[in-house]
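Dumped run_1.txt below, it's compact mmCIF, C-alpha atoms:
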# COMPACT_ATOMS: atom_id res chain seq x y z
CA MET I 1 5.61 -0.44 11.45
CA GLY I 2 5.69 -2.38 8.20
CA PHE I 3 3.10 -2.10 5.44
CA LYS I 4 2.64 -4.72 2.75
CA MET I 5 1.22 -4.20 -0.70
CA GLY I 6 0.42 -7.25 -2.82
CA ILE I 7 1.04 -6.96 -6.57
CA VAL I 8 -1.71 -8.92 -8.30
CA GLY I 9 -3.00 -9.37 -11.81
CA LEU I 10 -3.89 -11.87 -14.50
CA PRO I 11 -0.95 -13.72 -16.10
CA ASN I 12 1.21 -11.79 -18.60
CA VAL I 13 0.21 -8.25 -17.57
CA GLY I 14 3.74 -7.17 -16.54
CA LYS I 15 3.39 -7.96 -12.84
CA SER I 16 6.77 -9.63 -12.35
CA THR I 17 8.54 -7.10 -14.60
CA LEU I 18 7.18 -4.39 -12.32
CA PHE I 19 8.27 -6.27 -9.20
CA ASN I 20 11.77 -6.75 -10.64
CA ALA I 21 12.02 -3.02 -11.22
CA LEU I 22 10.74 -2.26 -7.73
CA THR I 23 13.32 -4.41 -6.01
CA LYS I 24 16.08 -3.99 -8.63
CA THR I 25 16.44 -7.77 -8.73
CA ALA I 26 15.49 -10.53 -11.10
CA ALA I 27 14.07 -12.60 -8.25
CA ALA I 28 10.66 -12.80 -9.92
CA GLN I 29 10.98 -14.69 -13.19
CA ALA I 30 9.26 -12.65 -15.88
CA ALA I 31 8.13 -15.07 -18.60
CA ASN I 32 5.43 -15.22 -21.22
CA PHE I 33 3.36 -17.96 -19.64
CA PRO I 34 0.93 -18.21 -16.69
CA PHE I 35 2.15 -18.99 -13.16
CA CYS I 36 5.85 -18.29 -13.74
CA THR I 37 5.84 -16.86 -10.21
CA ILE I 38 5.09 -19.90 -8.07
CA GLU I 39 6.03 -18.55 -4.65
CA PRO I 40 5.24 -14.98 -3.66
CA ASN I 41 8.38 -12.86 -3.91
CA VAL I 42 8.85 -10.27 -1.22
CA GLY I 43 10.88 -7.09 -1.59
CA GLU I 44 11.32 -3.99 0.54
CA VAL I 45 11.69 -0.63 -1.17
CA ALA I 46 12.56 2.80 0.16
CA VAL I 47 9.76 5.36 0.07
CA PRO I 48 11.09 8.35 -1.91
CA ASP I 49 10.90 11.60 0.05
CA GLU I 50 12.90 14.67 -0.98
CA ARG I 51 12.26 16.22 2.45
CA LEU I 52 14.51 13.64 4.12
CA ASP I 53 17.51 14.59 1.97
CA LYS I 54 16.90 18.27 2.71
CA LEU I 55 16.74 17.66 6.47
CA ALA I 56 19.89 15.54 6.38
CA ALA I 57 21.78 18.27 4.50
CA ILE I 58 20.78 20.91 7.05
CA ALA I 59 21.65 18.72 10.07
CA LYS I 60 24.78 17.31 8.37
CA SER I 61 23.52 13.83 9.24
CA ALA I 62 26.04 11.02 8.71
CA GLN I 63 23.35 8.59 7.59
CA ILE I 64 19.99 8.83 5.81
CA ILE I 65 17.40 6.14 6.58
CA PRO I 66 14.15 6.33 4.57
CA THR I 67 10.96 4.61 5.60
CA ARG I 68 10.17 1.42 3.67
CA MET I 69 7.25 -0.39 2.09
CA THR I 70 7.05 -4.12 1.40
CA PHE I 71 5.81 -5.40 -1.96
CA VAL I 72 4.70 -8.99 -2.46
CA ASP I 73 4.62 -10.39 -6.00
CA ILE I 74 1.70 -12.83 -5.92
CA ALA I 75 1.18 -15.66 -8.42
CA GLY I 76 -1.02 -14.78 -11.43
CA LEU I 77 -4.73 -15.40 -11.02
CA VAL I 78 -7.23 -16.87 -13.45
CA LYS I 79 -11.00 -17.03 -13.53
CA GLY I 80 -12.16 -19.70 -11.07
CA ALA I 81 -9.46 -18.98 -8.47
CA SER I 82 -12.09 -18.83 -5.73
CA LYS I 83 -12.77 -22.51 -6.53
CA GLY I 84 -9.09 -23.40 -6.56
CA GLU I 85 -8.48 -23.06 -10.31
CA GLY I 86 -4.84 -22.49 -11.31
CA LEU I 87 -2.99 -21.39 -8.20
CA GLY I 88 -6.16 -19.89 -6.78
CA ASN I 89 -6.00 -21.13 -3.20
CA GLN I 90 -2.43 -19.95 -2.78
CA PHE I 91 -3.24 -16.62 -4.43
CA LEU I 92 -6.13 -15.98 -2.04
CA ALA I 93 -4.11 -16.99 1.03
CA ASN I 94 -1.31 -14.59 0.05
CA ILE I 95 -3.76 -11.69 -0.39
CA ARG I 96 -5.00 -12.14 3.19
CA GLU I 97 -1.53 -11.20 4.44
CA VAL I 98 -1.23 -7.81 2.70
CA ASP I 99 -2.61 -4.39 3.69
CA ALA I 100 -3.55 -3.32 0.17
CA ILE I 101 -3.61 -4.55 -3.41
CA ALA I 102 -1.72 -3.04 -6.35
CA HIS I 103 -3.72 -4.45 -9.25
CA VAL I 104 -1.59 -4.43 -12.43
CA LEU I 105 -3.72 -4.11 -15.56
CA ARG I 106 -2.53 -4.66 -19.10
CA CYS I 107 -3.09 -1.43 -21.01
CA PHE I 108 -0.91 -2.20 -24.02
CA GLU I 109 -1.33 -4.10 -27.29
CA ASP I 110 1.38 -6.62 -28.17
CA ASP I 111 0.81 -9.64 -30.41
CA ASP I 112 3.95 -11.28 -29.00
CA VAL I 113 2.53 -11.37 -25.45
CA THR I 114 -0.49 -13.63 -25.09
CA HIS I 115 -3.48 -12.65 -22.98
CA VAL I 116 -5.01 -15.43 -20.89
CA GLU I 117 -8.52 -14.36 -22.02
CA GLY I 118 -7.49 -13.79 -25.65
CA ARG I 119 -8.27 -10.04 -25.57
CA VAL I 120 -6.97 -6.78 -24.05
CA ASP I 121 -9.61 -5.25 -21.78
CA PRO I 122 -8.21 -3.89 -18.48
CA VAL I 123 -11.64 -3.06 -17.02
CA ALA I 124 -12.84 -6.64 -17.60
CA ASP I 125 -9.56 -7.93 -16.09
CA ALA I 126 -10.15 -5.82 -12.99
CA GLU I 127 -13.68 -7.19 -12.70
CA THR I 128 -12.38 -10.77 -13.01
CA ILE I 129 -10.10 -10.43 -10.01
CA GLU I 130 -12.63 -8.43 -7.98
CA THR I 131 -15.26 -11.11 -8.65
CA GLU I 132 -12.93 -13.91 -7.55
CA LEU I 133 -12.17 -12.08 -4.28
CA MET I 134 -15.87 -11.50 -3.64
CA LEU I 135 -16.78 -15.14 -4.40
CA ALA I 136 -14.06 -16.35 -2.02
CA ASP I 137 -15.39 -13.98 0.65
CA LEU I 138 -18.96 -15.16 0.14
CA GLU I 139 -17.96 -18.79 0.61
CA SER I 140 -15.98 -17.89 3.74
CA ILE I 141 -18.85 -15.80 5.17
CA GLU I 142 -21.43 -18.56 4.71
CA LYS I 143 -19.20 -21.10 6.49
CA ARG I 144 -18.37 -18.75 9.33
CA ARG I 145 -21.99 -17.74 9.91
CA ALA I 146 -23.01 -21.42 10.01
CA ASN I 147 -20.31 -22.06 12.64
CA LEU I 148 -21.63 -19.19 14.80
CA VAL I 149 -25.17 -20.61 15.20
CA ARG I 150 -24.49 -22.39 18.50
CA LYS I 151 -22.81 -19.36 20.09
CA LEU I 152 -25.62 -17.09 18.92
CA LYS I 153 -28.16 -19.29 20.69
CA GLY I 154 -26.15 -18.77 23.88
CA ASN I 155 -26.29 -14.96 23.41
CA ASP I 156 -22.52 -14.70 23.00
CA LYS I 157 -21.86 -10.95 22.51
CA GLU I 158 -18.71 -11.40 20.44
CA ALA I 159 -20.46 -13.89 18.17
CA GLN I 160 -23.40 -11.49 17.76
CA GLN I 161 -21.05 -8.70 16.66
CA GLN I 162 -19.20 -11.01 14.27
CA ASP I 163 -22.41 -12.34 12.74
CA ARG I 164 -23.81 -8.81 12.30
CA LEU I 165 -20.67 -7.67 10.50
CA LEU I 166 -20.55 -10.79 8.34
CA ALA I 167 -24.21 -10.24 7.40
CA MET I 168 -23.40 -6.66 6.34
CA ALA I 169 -20.53 -7.89 4.17
CA GLN I 170 -22.68 -10.66 2.71
CA ALA I 171 -25.44 -8.20 1.77
CA ALA I 172 -22.95 -5.97 -0.07
CA ILE I 173 -21.37 -8.86 -1.96
CA GLU I 174 -24.73 -10.30 -2.95
CA GLU I 175 -25.48 -6.90 -4.49
CA GLY I 176 -22.29 -7.23 -6.54
CA LYS I 177 -20.23 -4.83 -4.40
CA PRO I 178 -16.95 -5.53 -2.56
CA ALA I 179 -17.06 -5.59 1.23
CA ARG I 180 -14.94 -2.41 1.42
CA VAL I 181 -18.02 -0.32 0.51
CA VAL I 182 -19.64 -1.25 3.86
CA GLU I 183 -19.63 1.67 6.31
CA ILE I 184 -18.31 0.56 9.69
CA ASP I 185 -18.70 2.35 13.04
CA ASP I 186 -15.58 3.04 15.10
CA GLU I 187 -16.55 0.51 17.78
CA ASP I 188 -16.77 -2.23 15.12
CA ARG I 189 -13.58 -1.34 13.26
CA LYS I 190 -11.26 -3.76 15.09
CA ALA I 191 -13.68 -6.70 14.79
CA TRP I 192 -14.24 -5.85 11.10
CA LYS I 193 -10.51 -5.97 10.42
CA MET I 194 -10.25 -9.30 12.22
CA LEU I 195 -12.66 -10.82 9.67
CA GLN I 196 -9.81 -10.57 7.10
CA LEU I 197 -12.18 -10.42 4.13
CA LEU I 198 -10.35 -10.20 0.82
CA SER I 199 -12.66 -7.65 -0.78
CA THR I 200 -12.10 -5.18 2.07
CA LYS I 201 -8.52 -4.58 0.92
CA PRO I 202 -8.03 -1.10 -0.62
CA VAL I 203 -7.10 -1.25 -4.32
CA LEU I 204 -4.61 0.74 -6.36
CA TYR I 205 -4.90 0.18 -10.11
CA VAL I 206 -1.57 0.15 -11.94
CA CYS I 207 -1.98 0.75 -15.69
CA ASN I 208 0.93 -0.89 -17.49
CA VAL I 209 1.19 0.98 -20.81
CA GLU I 210 3.60 0.85 -23.77
CA GLU I 211 6.73 3.02 -23.52
CA GLU I 212 5.34 5.76 -25.79
CA ALA I 213 2.32 6.25 -23.49
CA ALA I 214 4.27 6.40 -20.20
CA ALA I 215 3.95 10.18 -19.85
CA SER I 216 0.30 10.71 -20.80
CA GLY I 217 -1.36 7.28 -20.78
CA ASN I 218 -3.58 5.92 -23.55
CA ALA I 219 -7.23 5.12 -24.28
CA LEU I 220 -7.09 1.91 -22.21
CA SER I 221 -5.60 3.61 -19.14
CA GLU I 222 -8.23 6.36 -19.44
CA LYS I 223 -10.96 3.71 -19.09
CA VAL I 224 -9.24 2.40 -15.96
CA GLY I 225 -9.07 5.95 -14.61
CA GLU I 226 -12.82 6.37 -15.11
CA MET I 227 -13.48 3.05 -13.34
CA ALA I 228 -11.18 3.95 -10.44
CA ALA I 229 -12.81 7.38 -10.01
CA ALA I 230 -16.28 5.82 -9.96
CA GLN I 231 -15.14 3.42 -7.21
CA GLY I 232 -13.29 6.05 -5.21
CA ASN I 233 -10.02 4.20 -5.87
CA ILE I 234 -6.62 5.45 -7.12
CA HIS I 235 -4.83 4.62 -10.37
CA VAL I 236 -1.32 5.28 -11.68
CA VAL I 237 0.08 4.97 -15.21
CA ILE I 238 3.40 3.15 -15.57
CA SER I 239 5.45 1.46 -18.28
CA ALA I 240 6.93 -1.59 -16.56
CA LYS I 241 9.53 -1.90 -19.35
CA ILE I 242 10.74 1.67 -18.76
CA GLU I 243 10.85 1.13 -15.01
CA GLU I 244 12.93 -2.02 -15.48
CA GLU I 245 15.40 -0.06 -17.64
CA ILE I 246 15.59 2.79 -15.10
CA SER I 247 16.26 0.32 -12.27
CA GLN I 248 19.53 -0.69 -13.96
CA LEU I 249 20.83 2.91 -14.21
CA ASP I 250 22.60 5.09 -11.66
CA ALA I 251 20.86 8.21 -10.34
CA GLU I 252 22.36 10.62 -12.89
CA GLU I 253 21.66 8.32 -15.86
CA ALA I 254 18.12 7.69 -14.61
CA GLU I 255 17.44 11.43 -14.40
CA MET I 256 18.64 11.97 -17.98
CA PHE I 257 16.60 9.01 -19.21
CA LEU I 258 13.43 10.31 -17.55
CA GLU I 259 13.98 13.73 -19.10
CA GLU I 260 14.35 12.15 -22.56
CA MET I 261 11.08 10.26 -22.01
CA GLY I 262 9.27 13.43 -20.90
CA LEU I 263 8.68 12.10 -17.37
CA ASP I 264 8.94 14.22 -14.20
CA GLU I 265 9.66 11.25 -11.95
CA ALA I 266 9.92 7.48 -12.13
CA GLY I 267 6.60 5.66 -12.29
CA LEU I 268 7.68 3.53 -9.34
CA ASP I 269 8.02 6.65 -7.20
CA ARG I 270 4.44 7.57 -8.13
CA LEU I 271 3.35 4.01 -7.33
CA ILE I 272 4.95 4.02 -3.89
CA LYS I 273 3.55 7.48 -3.07
CA ALA I 274 0.10 6.36 -4.26
CA GLY I 275 0.40 3.30 -2.01
CA HIS I 276 1.10 5.59 0.95
CA LYS I 277 -1.92 7.70 0.09
CA LEU I 278 -4.13 4.63 -0.36
CA LEU I 279 -3.22 3.30 3.09
CA HIS I 280 -3.66 6.75 4.71
CA LEU I 281 -0.04 6.80 5.82
CA GLN I 282 2.11 9.78 6.68
CA THR I 283 5.71 10.42 7.67
CA TYR I 284 7.45 12.11 10.55
CA PHE I 285 11.21 12.58 10.95
CA THR I 286 13.92 12.32 13.58
CA VAL I 287 17.00 14.34 12.68
CA GLY I 288 20.47 14.65 14.20
CA PRO I 289 24.18 14.46 13.40
CA LYS I 290 24.16 10.65 13.46
CA GLU I 291 21.16 10.11 11.19
CA ALA I 292 18.14 11.62 9.52
CA ARG I 293 15.33 9.08 9.56
CA ALA I 294 11.77 8.82 8.27
CA TRP I 295 9.08 6.94 10.19
CA THR I 296 5.73 5.75 8.85
CA ILE I 297 2.51 6.14 10.83
CA ARG I 298 -1.17 6.13 9.98
CA GLU I 299 -3.01 9.44 9.70
CA GLY I 300 -4.58 10.36 13.03
CA THR I 301 -1.78 8.87 15.16
CA LEU I 302 -1.19 10.49 18.58
CA ALA I 303 2.30 11.45 19.73
CA PRO I 304 2.80 8.52 22.20
CA GLN I 305 1.82 5.95 19.54
CA ALA I 306 4.12 7.67 17.02
CA ALA I 307 6.94 7.39 19.56
CA GLY I 308 6.08 3.70 19.96
CA VAL I 309 6.98 3.09 16.31
CA ILE I 310 10.60 3.77 17.32
CA HIS I 311 10.47 1.69 20.50
CA GLY I 312 7.75 0.48 22.86
CA ASP I 313 9.54 2.11 25.83
CA PHE I 314 9.09 5.51 24.16
CA GLU I 315 5.32 5.03 24.15
CA ARG I 316 5.06 3.54 27.65
CA GLY I 317 7.17 6.25 29.29
CA PHE I 318 6.10 9.14 27.04
CA ILE I 319 6.43 12.59 28.65
CA ARG I 320 6.29 15.00 25.72
CA ALA I 321 7.42 15.54 22.15
CA GLU I 322 9.56 18.46 21.02
CA THR I 323 8.15 19.20 17.58
CA ILE I 324 9.13 21.40 14.64
CA ALA I 325 7.11 21.56 11.43
CA TYR I 326 9.15 20.61 8.35
CA ASP I 327 8.78 24.03 6.69
CA ASP I 328 9.88 25.78 9.89
CA TYR I 329 12.91 23.48 10.27
CA VAL I 330 14.03 24.32 6.72
CA ALA I 331 13.23 28.04 6.94
CA CYS I 332 15.14 28.35 10.24
CA ASN I 333 18.06 26.24 8.95
CA GLY I 334 17.75 23.56 11.60
CA GLU I 335 16.81 22.89 15.19
CA GLY I 336 18.86 25.74 16.71
CA GLY I 337 17.31 28.36 14.45
CA ALA I 338 13.83 26.94 15.02
CA LYS I 339 14.28 27.17 18.80
CA GLU I 340 15.46 30.78 18.58
CA ALA I 341 12.51 31.69 16.36
CA GLY I 342 10.07 30.07 18.80
CA LYS I 343 9.08 27.42 16.24
CA MET I 344 9.81 24.41 18.46
CA ARG I 345 6.70 23.28 20.32
CA ALA I 346 6.27 21.01 23.35
CA GLU I 347 3.39 18.65 22.59
CA GLY I 348 1.66 16.26 24.99
CA LYS I 349 -0.15 12.93 24.80
CA SER I 350 -3.15 14.30 22.92
CA TYR I 351 -1.11 15.77 20.04
CA LEU I 352 -2.04 14.46 16.58
CA VAL I 353 1.21 14.08 14.67
CA LYS I 354 1.24 15.91 11.33
CA ASP I 355 2.91 14.79 8.13
CA GLY I 356 6.44 16.20 8.00
CA ASP I 357 6.83 16.88 11.72
CA VAL I 358 10.44 16.75 12.95
CA MET I 359 10.24 15.20 16.42
CA HIS I 360 12.30 14.46 19.51
CA PHE I 361 10.66 12.39 22.25
CA LEU I 362 11.23 12.69 25.99
CA PHE I 363 10.27 9.64 28.03
CA ASN I 364 10.75 7.91 31.40
CA THR I 365 12.62 4.62 31.43
Please, can you express the file's structure as structure tokens?
Amino acid sequence: MGFKMGIVGLPNVGKSTLFNALTKTAAAQAANFPFCTIEPNVGEVAVPDERLDKLAAIAKSAQIIPTRMTFVDIAGLVKGASKGEGLGNQFLANIREVDAIAHVLRCFEDDDVTHVEGRVDPVADAETIETELMLADLESIEKRRANLVRKLKGNDKEAQQQDRLLAMAQAAIEEGKPARVVEIDDEDRKAWKMLQLLSTKPVLYVCNVEEEAAASGNALSEKVGEMAAAQGNIHVVISAKIEEEISQLDAEEAEMFLEEMGLDEAGLDRLIKAGHKLLHLQTYFTVGPKEARAWTIREGTLAPQAAGVIHGDFERGFIRAETIAYDDYVACNGEGGAKEAGKMRAEGKSYLVKDGDVMHFLFNT
């Protein structure tokens, strides 16, 4: 199950520098002018999880396979994108394809790096992009509702549901709020997702600060934090320049560098973990002598659906899951010890998988 996060932002905020660090490549050209990233760059990164290394050490696994998240570096946006300004149409189309948005905000002063609006104000930058997404949604909603008129006259149930949901989104946007604030009932959730409205995407604010502020942030990142808290969103503080430097070092050098900078972990690790949290994702593990592997599922996933992430046959023929909690696996020094201590459980189709579960699935072929 793949999850995509789109990296967005105004030109010259450090977006491509951050992407380069994430993927340890120079595929995204970082340059001091708008639209240097013409095509969206896509990179997969491993999700850092210390638990996986611990499990592999206990099981003496020959291979370690972390779960992964996809990042898409999307062309810089300018005011008027919803009307096709700059690379607006392409920008908006690329956002439709991602699960969430990592919105990079410039939280540093630097006379050598121009700002497209001629000033450094991360909160205003965030509002610019949010407004463009909402305007694009509003235009889309009005067209779609006009196209539903004939079906509504024929009492088409699906059209009635779609029009009702579009009307709810329209009302929110006309009040100056993104569509993600709309509360949706469970029976409408699938149809709501199918609308693919841009302003329903969850947002993670990434505060790109100067190197000296990487550990504690600065006055600009504090303002972003206040905005994010008021919206119920998440924010992380990162120095893209530091992350780019770290990406060129080996593990030992990187650890020493972080210590010198007063950082507990790389900002990118915090970003990836925050992305997981934003998307309500969790991890379960399969562990054995061949490999220790992490698997990504959404919170609230039942055991058969979790098994289906490995292979569809596992879900279709699901019998039961042999499950050990991560802490029990470690405390009992592996599967054998967990069995002896009575910590291995047989779970059925109604079991809600928990973060950190070590699982083995039994199924009919």
* Asked: Rounded to one decimal in Å, what is the spacing between CA of Val353 (chain I) and CA of Arg189 (chain I)?
  ->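 One can read the CA of Val353 (chain I) to CA of Arg189 (chain I) distance as 21.4 Å.
Proximity to Arg180 (chain I) was assessed for I:Asn218, I:Gln282, I:Met134, I:Ile141 counting all atoms listed in the file; the smallest distance is recorded for I:Met134.
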Starting from 6 Å padding per side, set up an axis-aligned box that covers all listed atoms of region 312-321 of chain I and hand over centre and edge lengths in Å, one decimal, as JSON.
{"center_x": 7.3, "center_y": 8.0, "center_z": 25.7, "size_x": 16.5, "size_y": 27.1, "size_z": 19.1}
* Asked: What separation in Å, quoted to one decimal, exists between CA of Asp110 (chain I) and CA of Ser221 (chain I)?
  ->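 If I compute the distance from CA of Asp110 (chain I) to CA of Ser221 (chain I), I get 15.3 Å.
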* To do: Counting only C-alpha atoms, figure out which residue out of I:Ala75, I:Ala240, I:Ala57, I:Val358 gets nearest to Thr17 (chain I).
  =>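 Comparing I:Ala75, I:Ala240, I:Ala57, I:Val358 against Thr17 (chain I), the winner is I:Ala240.
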* Residue among I:Val13, I:Gly267, I:Phe3, I:Thr23 lying closest to Gln248 (chain I), counting all atoms listed in the file -> I:Thr23
* **Residue nearest Ile58 (chain I) among I:Leu302, I:Ile310, I:Val287, I:Ile234 (counting all atoms listed in the file)** =>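 Comparing I:Leu302, I:Ile310, I:Val287, I:Ile234 against Ile58 (chain I), the winner is I:Val287.
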If I only have part of region 147-157 of chain I, can you fill in all heavy atoms and write it as a short mmCIF file (atom, residue, chain, number, x, y, z; two decimals), in the coordinates of the input?
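Wrote it out as selection31.cif, contents follow:
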data_model
loop_
_atom_site.label_atom_id
_atom_site.label_comp_id
_atom_site.auth_asym_id
_atom_site.auth_seq_id
_atom_site.Cartn_x
_atom_site.Cartn_y
_atom_site.Cartn_z
N ASN I 147 -21.05 -21.63 11.44
CA ASN I 147 -20.31 -22.06 12.64
C ASN I 147 -20.65 -21.23 13.88
O ASN I 147 -20.33 -21.62 15.00
CB ASN I 147 -18.80 -21.99 12.39
CG ASN I 147 -18.33 -23.03 11.38
OD1 ASN I 147 -18.97 -24.06 11.22
ND2 ASN I 147 -17.21 -22.76 10.72
N LEU I 148 -21.29 -20.06 13.67
CA LEU I 148 -21.63 -19.19 14.80
C LEU I 148 -23.00 -19.50 15.42
O LEU I 148 -23.33 -18.96 16.48
CB LEU I 148 -21.62 -17.72 14.34
CG LEU I 148 -20.25 -17.08 14.06
CD1 LEU I 148 -20.43 -15.71 13.43
CD2 LEU I 148 -19.44 -16.96 15.35
N VAL I 149 -23.78 -20.36 14.77
CA VAL I 149 -25.17 -20.61 15.20
C VAL I 149 -25.27 -20.99 16.67
O VAL I 149 -26.08 -20.44 17.43
CB VAL I 149 -25.82 -21.70 14.31
CG1 VAL I 149 -27.17 -22.12 14.90
CG2 VAL I 149 -26.01 -21.17 12.89
N ARG I 150 -24.42 -21.92 17.11
CA ARG I 150 -24.49 -22.39 18.50
C ARG I 150 -24.20 -21.25 19.49
O ARG I 150 -24.89 -21.09 20.50
CB ARG I 150 -23.50 -23.54 18.71
CG ARG I 150 -23.64 -24.21 20.09
CD ARG I 150 -22.65 -25.35 20.25
NE ARG I 150 -22.91 -26.41 19.28
CZ ARG I 150 -22.11 -27.47 19.12
NH1 ARG I 150 -20.99 -27.57 19.83
NH2 ARG I 150 -22.42 -28.40 18.25
N LYS I 151 -23.16 -20.46 19.19
CA LYS I 151 -22.81 -19.36 20.09
C LYS I 151 -23.90 -18.29 20.11
O LYS I 151 -24.15 -17.67 21.15
CB LYS I 151 -21.48 -18.73 19.65
CG LYS I 151 -20.27 -19.59 19.96
CD LYS I 151 -18.98 -18.86 19.59
CE LYS I 151 -17.77 -19.69 19.97
NZ LYS I 151 -16.50 -19.01 19.61
N LEU I 152 -24.55 -18.08 18.99
CA LEU I 152 -25.62 -17.09 18.92
C LEU I 152 -26.80 -17.50 19.80
O LEU I 152 -27.43 -16.65 20.44
CB LEU I 152 -26.09 -16.90 17.46
CG LEU I 152 -25.09 -16.21 16.52
CD1 LEU I 152 -25.57 -16.29 15.08
CD2 LEU I 152 -24.89 -14.74 16.92
N LYS I 153 -27.08 -18.79 19.82
CA LYS I 153 -28.16 -19.29 20.69
C LYS I 153 -27.86 -19.06 22.16
O LYS I 153 -28.75 -18.90 22.99
CB LYS I 153 -28.40 -20.78 20.42
CG LYS I 153 -29.11 -21.06 19.09
CD LYS I 153 -29.28 -22.54 18.86
CE LYS I 153 -29.99 -22.80 17.52
NZ LYS I 153 -30.06 -24.26 17.21
N GLY I 154 -26.56 -19.01 22.49
CA GLY I 154 -26.15 -18.77 23.88
C GLY I 154 -25.94 -17.30 24.16
O GLY I 154 -25.38 -16.93 25.19
N ASN I 155 -26.40 -16.42 23.25
CA ASN I 155 -26.29 -14.96 23.41
C ASN I 155 -24.85 -14.48 23.62
O ASN I 155 -24.60 -13.56 24.40
CB ASN I 155 -27.17 -14.48 24.58
CG ASN I 155 -28.64 -14.59 24.23
OD1 ASN I 155 -29.04 -14.35 23.09
ND2 ASN I 155 -29.45 -14.99 25.21
N ASP I 156 -23.92 -15.11 22.94
CA ASP I 156 -22.52 -14.70 23.00
C ASP I 156 -22.37 -13.34 22.29
O ASP I 156 -22.65 -13.21 21.10
CB ASP I 156 -21.65 -15.76 22.30
CG ASP I 156 -20.15 -15.46 22.41
OD1 ASP I 156 -19.74 -14.39 21.94
OD2 ASP I 156 -19.42 -16.30 22.95
N LYS I 157 -21.93 -12.32 23.04
CA LYS I 157 -21.86 -10.95 22.51
C LYS I 157 -20.88 -10.83 21.34
O LYS I 157 -21.15 -10.15 20.35
CB LYS I 157 -21.46 -9.96 23.62
CG LYS I 157 -22.44 -9.87 24.77
CD LYS I 157 -23.76 -9.25 24.32
CE LYS I 157 -24.74 -9.12 25.50
NZ LYS I 157 -26.08 -8.73 25.02
#
